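This report concerns only the one structure given below.
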2 protein chains.
Amino acid sequence: MQQQPESVLTFSRATLHDFLDGLSSAAPTPGGGAAAALVGAMSAALISMVCNLTIGRPRYSAVESAMKAILAHSERARTRLLQLADEDALAYSGVTAAYKLPQGSTEERSQRAVAIQQALERAAEPPLAVLSESRSLLPLCLEVAAHGNVNVVSDAGVAAELCVAAVRSSLLNVRVNLTEAKSEAFVARCEMAMRDAENGLDAELDRVIAIVRAKTAPKERR
Amino acid sequence: MQQQPESVLTFSRATLHDFLDGLSSAAPTPGGGAAAALVGAMSAALISMVCNLTIGRPRYSAVESAMKAILAHSERARTRLLQLADEDALAYSGVTAAYKLPQGSTEERSQRAVAIQQALERAAEPPLAVLSESRSLLPLCLEVAAHGNVNVVSDAGVAAELCVAAVRSSLLNVRVNLTEAKSEAFVARCEMAMRDAENGLDAELDRVIAIVRAKTAPKERR
């Protein structure tokens, strides 16, 4: 593997232990944004796992091509979400840097205000992307829970819980970037993305969990 | 760091990239159990982060000792949950091994049936522990959201979303172990643990999120 410059964050190469250490420390990154992205990536990985345990099994040949299409989507999302953990941390650093700009003269204060607004808008992009990538996974969870290998249906359920947690976390992460935002167009765009992501979220999750529960009902014991 | 025998799983030393690769593969472990444990550990780490950014700040001196107590709990839980990711994978391997036991003679079939029941009961222990460890984090999220450093209140909200996802995932992971269980005492114990964990879960999460939303309300723009 090629060595990358130190300035480029690559959480993907951190160990779980070190990532958790970084998350728990007083350092500003990684924080809730990177955590949401990683949880979304874990959801995508579990969807891929169910697909990989379904594809090639004679019993599931009827859904073979559907599972291959789902796998392509979940693998692409997994890669993107892991990248977004890095991008979130980088964008957050931009906000911190903007707040540290000098504010001695009127001109400096004006330049700092512009830089803060630009940094806030840039910082909202990774959580917005985590929001939409994670939201796109929930319909896949429904498909793999309904039609994938029944032996791993609980993993499809866990995938659904995790992508919904990533969505709901991203709603908080986008919202915190709007607190100080001044551009109405930017705020309106974020609010529309948040409404779209929330639309039907709980109902879709309930549907997945109902399928998982039905397929893992206890066998008659008495 | 000492080299451990290969048979001992140590996800904590895996990179995020490799852990996600393992999760997505057709290999039975890691799966939804390890994922739930890791998401619980991420919740604990974010609670620790908020504590670490609150302790020692004059503005928050009134809650200093409370935050130190929360930090001790969250750090202990983080360590335990990361261990449980390994224990879950190990316990699952025991179930797979029991199902592969010979079933040629009546005696072999009887021994295999006993081994399967024992392995299923052992396999339920890690998800039961993830369930209770993760559930214990939600009241801490409420405390750090209400009284911790307001600049990272959204991280307290993400911590709440993640521990609830870990709890809900563990409910599915425990349940799947009960499908084939024959001991009524074992099933009753699991069902009581599941009811305890679910009790008040949604209402507590809603309280945390309401606090986070109130503290991240947009400033007047017009």
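Chains: A, B, ... in order of the structure tokens. Residues: from 1 per chain. Ligands: from 1, in order shown.
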Find the nearest atom pair between each residue of chain B and chain A for residues within 6 Å, count only C-alpha atoms, give distances in Å to one decimal, sort rows by chain and ascending number, and present the table as JSON lines.
```
{"residue": "B:Ser12", "atom": "CA", "partner": "A:His17", "partner_atom": "CA", "distance": 4.7}
{"residue": "B:Arg13", "atom": "CA", "partner": "A:Thr15", "partner_atom": "CA", "distance": 5.3}
{"residue": "B:Ala14", "atom": "CA", "partner": "A:Thr15", "partner_atom": "CA", "distance": 5.1}
{"residue": "B:Thr15", "atom": "CA", "partner": "A:Thr15", "partner_atom": "CA", "distance": 3.9}
{"residue": "B:Leu16", "atom": "CA", "partner": "A:Ser12", "partner_atom": "CA", "distance": 4.8}
{"residue": "B:His17", "atom": "CA", "partner": "A:Ser12", "partner_atom": "CA", "distance": 4.7}
{"residue": "B:Leu23", "atom": "CA", "partner": "A:Ala45", "partner_atom": "CA", "distance": 5.6}
{"residue": "B:Ser24", "atom": "CA", "partner": "A:Met49", "partner_atom": "CA", "distance": 4.2}
{"residue": "B:Ser25", "atom": "CA", "partner": "A:Met49", "partner_atom": "CA", "distance": 5.2}
{"residue": "B:Ala26", "atom": "CA", "partner": "A:Asn52", "partner_atom": "CA", "distance": 5.2}
{"residue": "B:Gly32", "atom": "CA", "partner": "A:Asp155", "partner_atom": "CA", "distance": 4.9}
{"residue": "B:Ala45", "atom": "CA", "partner": "A:Ser24", "partner_atom": "CA", "distance": 4.2}
{"residue": "B:Leu46", "atom": "CA", "partner": "A:Ser24", "partner_atom": "CA", "distance": 5.4}
{"residue": "B:Ser48", "atom": "CA", "partner": "A:Ser24", "partner_atom": "CA", "distance": 4.9}
{"residue": "B:Met49", "atom": "CA", "partner": "A:Ser24", "partner_atom": "CA", "distance": 4.2}
{"residue": "B:Asn52", "atom": "CA", "partner": "A:Ala26", "partner_atom": "CA", "distance": 5.2}
{"residue": "B:Leu53", "atom": "CA", "partner": "A:Ala26", "partner_atom": "CA", "distance": 5.4}
{"residue": "B:Ser154", "atom": "CA", "partner": "A:Leu172", "partner_atom": "CA", "distance": 5.9}
{"residue": "B:Asp155", "atom": "CA", "partner": "A:Gly32", "partner_atom": "CA", "distance": 4.9}
{"residue": "B:Val158", "atom": "CA", "partner": "A:Ser169", "partner_atom": "CA", "distance": 5.0}
{"residue": "B:Glu161", "atom": "CA", "partner": "A:Ala165", "partner_atom": "CA", "distance": 5.6}
{"residue": "B:Ala165", "atom": "CA", "partner": "A:Glu161", "partner_atom": "CA", "distance": 5.6}
{"residue": "B:Ser169", "atom": "CA", "partner": "A:Val158", "partner_atom": "CA", "distance": 4.9}
{"residue": "B:Leu172", "atom": "CA", "partner": "A:Ser154", "partner_atom": "CA", "distance": 5.9}
{"residue": "B:Val176", "atom": "CA", "partner": "A:Thr216", "partner_atom": "CA", "distance": 5.6}
{"residue": "B:Thr179", "atom": "CA", "partner": "A:Pro218", "partner_atom": "CA", "distance": 4.0}
{"residue": "B:Lys182", "atom": "CA", "partner": "A:Arg221", "partner_atom": "CA", "distance": 6.0}
{"residue": "B:Thr216", "atom": "CA", "partner": "A:Val176", "partner_atom": "CA", "distance": 5.6}
{"residue": "B:Pro218", "atom": "CA", "partner": "A:Thr179", "partner_atom": "CA", "distance": 4.0}
{"residue": "B:Lys219", "atom": "CA", "partner": "A:Thr179", "partner_atom": "CA", "distance": 5.6}
{"residue": "B:Arg221", "atom": "CA", "partner": "A:Lys182", "partner_atom": "CA", "distance": 6.0}
```
Export, as a short mmCIF file (atom, residue, chain, number, x, y, z; two decimals), in the first residue's frame, the selected residues with N, CA, C and O atoms.
```cif
data_model
loop_
_atom_site.label_atom_id
_atom_site.label_comp_id
_atom_site.auth_asym_id
_atom_site.auth_seq_id
_atom_site.Cartn_x
_atom_site.Cartn_y
_atom_site.Cartn_z
N SER B 12 -10.15 -5.47 17.58
CA SER B 12 -9.65 -4.14 17.96
C SER B 12 -8.38 -3.80 17.19
O SER B 12 -8.07 -2.64 16.97
N ARG B 13 -7.61 -4.83 16.77
CA ARG B 13 -6.36 -4.58 16.05
C ARG B 13 -6.54 -4.61 14.54
O ARG B 13 -5.58 -4.40 13.79
N ALA B 14 -7.77 -4.89 14.08
CA ALA B 14 -8.04 -4.85 12.64
C ALA B 14 -8.22 -3.39 12.21
O ALA B 14 -8.65 -2.56 13.00
N THR B 15 -7.88 -3.09 10.95
CA THR B 15 -8.16 -1.75 10.45
C THR B 15 -9.65 -1.66 10.11
O THR B 15 -10.31 -2.69 9.88
N LEU B 16 -10.18 -0.45 10.06
CA LEU B 16 -11.60 -0.27 9.70
C LEU B 16 -11.86 -0.91 8.34
O LEU B 16 -12.88 -1.56 8.14
N HIS B 17 -10.93 -0.72 7.42
CA HIS B 17 -11.08 -1.28 6.07
C HIS B 17 -11.23 -2.81 6.13
O HIS B 17 -12.13 -3.39 5.52
N LEU B 23 -16.85 -8.01 7.39
CA LEU B 23 -18.30 -7.92 7.61
C LEU B 23 -19.06 -8.22 6.32
O LEU B 23 -20.08 -8.91 6.34
N SER B 24 -18.55 -7.73 5.20
CA SER B 24 -19.28 -7.86 3.93
C SER B 24 -19.10 -9.24 3.28
O SER B 24 -19.87 -9.61 2.41
N SER B 25 -18.10 -10.00 3.72
CA SER B 25 -17.80 -11.27 3.07
C SER B 25 -18.80 -12.35 3.45
O SER B 25 -19.59 -12.19 4.37
N ALA B 26 -18.74 -13.47 2.74
CA ALA B 26 -19.62 -14.60 3.03
C ALA B 26 -19.18 -15.37 4.27
O ALA B 26 -19.89 -16.27 4.72
N GLY B 32 -23.64 -9.45 12.33
CA GLY B 32 -24.46 -8.45 13.01
C GLY B 32 -24.15 -8.32 14.49
O GLY B 32 -24.34 -7.25 15.07
N ALA B 45 -17.63 5.84 23.16
CA ALA B 45 -16.50 6.73 22.86
C ALA B 45 -16.97 8.18 22.68
O ALA B 45 -16.29 9.11 23.13
N LEU B 46 -18.13 8.37 22.06
CA LEU B 46 -18.64 9.74 21.85
C LEU B 46 -19.07 10.37 23.18
O LEU B 46 -18.90 11.57 23.39
N SER B 48 -17.63 9.69 26.00
CA SER B 48 -16.33 10.06 26.59
C SER B 48 -15.81 11.36 26.00
O SER B 48 -15.27 12.21 26.72
N MET B 49 -15.97 11.54 24.68
CA MET B 49 -15.51 12.76 24.01
C MET B 49 -16.19 13.99 24.62
O MET B 49 -15.52 14.99 24.93
N ASN B 52 -14.75 14.61 27.99
CA ASN B 52 -13.39 15.14 27.91
C ASN B 52 -13.35 16.60 27.48
O ASN B 52 -12.38 17.30 27.76
N LEU B 53 -14.40 17.06 26.79
CA LEU B 53 -14.47 18.46 26.37
C LEU B 53 -15.27 19.31 27.36
O LEU B 53 -15.55 20.47 27.12
N SER B 154 -24.33 17.94 19.61
CA SER B 154 -24.78 17.03 18.54
C SER B 154 -24.07 15.67 18.65
O SER B 154 -24.65 14.64 18.27
N ASP B 155 -22.86 15.66 19.18
CA ASP B 155 -22.15 14.38 19.38
C ASP B 155 -22.84 13.55 20.46
O ASP B 155 -22.88 12.32 20.38
N VAL B 158 -25.69 12.00 18.63
CA VAL B 158 -25.24 10.85 17.82
C VAL B 158 -24.97 9.65 18.73
O VAL B 158 -25.35 8.51 18.41
N GLU B 161 -28.26 8.01 19.40
CA GLU B 161 -28.75 7.24 18.24
C GLU B 161 -27.99 5.92 18.14
O GLU B 161 -28.58 4.87 17.83
N ALA B 165 -29.38 2.05 18.49
CA ALA B 165 -29.21 1.11 17.37
C ALA B 165 -28.53 -0.17 17.85
O ALA B 165 -28.89 -1.28 17.42
N SER B 169 -30.38 -3.67 17.64
CA SER B 169 -29.70 -4.75 16.89
C SER B 169 -29.53 -5.97 17.78
O SER B 169 -29.71 -7.11 17.34
N LEU B 172 -32.49 -8.22 18.07
CA LEU B 172 -32.59 -9.17 16.94
C LEU B 172 -31.59 -10.31 17.10
O LEU B 172 -31.90 -11.47 16.80
N VAL B 176 -32.65 -14.35 17.53
CA VAL B 176 -32.35 -15.39 16.54
C VAL B 176 -31.77 -16.64 17.23
O VAL B 176 -31.90 -17.76 16.73
N THR B 179 -34.67 -19.12 18.45
CA THR B 179 -35.51 -19.84 17.47
C THR B 179 -35.52 -21.34 17.73
O THR B 179 -36.56 -21.98 17.69
N LYS B 182 -34.57 -24.84 23.43
CA LYS B 182 -35.55 -25.74 24.02
C LYS B 182 -35.74 -25.51 25.52
O LYS B 182 -36.73 -25.93 26.09
N THR B 216 -29.45 23.30 19.34
CA THR B 216 -28.89 23.57 18.01
C THR B 216 -29.93 24.26 17.13
O THR B 216 -29.89 24.14 15.90
N PRO B 218 -31.65 27.01 14.93
CA PRO B 218 -31.02 28.06 14.12
C PRO B 218 -31.16 29.43 14.77
O PRO B 218 -32.22 29.75 15.31
N LYS B 219 -30.07 30.23 14.70
CA LYS B 219 -30.14 31.61 15.16
C LYS B 219 -31.02 32.40 14.19
O LYS B 219 -31.16 32.03 13.02
N ARG B 221 -32.24 34.52 11.39
CA ARG B 221 -31.51 34.85 10.15
C ARG B 221 -32.06 36.11 9.48
O ARG B 221 -31.42 36.69 8.64
#
```
inquiry  = Applying 7 Å and only C-alpha atoms, which residues near range 107-122 of chain B remain after dropping the ones on its own chain fewer than 3 positions away? List them as a list in words.
reply    = Ala91, Gly94, Val95, Ala98, Tyr99, Leu101, Pro102, Gln103, Gly104, Glu125, Asn177 and Ala181 of chain B
task = Would you please extract all alpha helix (DSSP H) residues from range 90-155 of chain B, as assigned by DSSP on the backbone, and give them as a PyMOL selection string?
result = chain B and resi 90-99+106-135+138-147+153-155
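With distances restricted to only C-alpha atoms, B:Ala123 is the closest residue to Leu90 in chain B from B:Ala72, B:Leu201, B:Ala123, B:Ala145.
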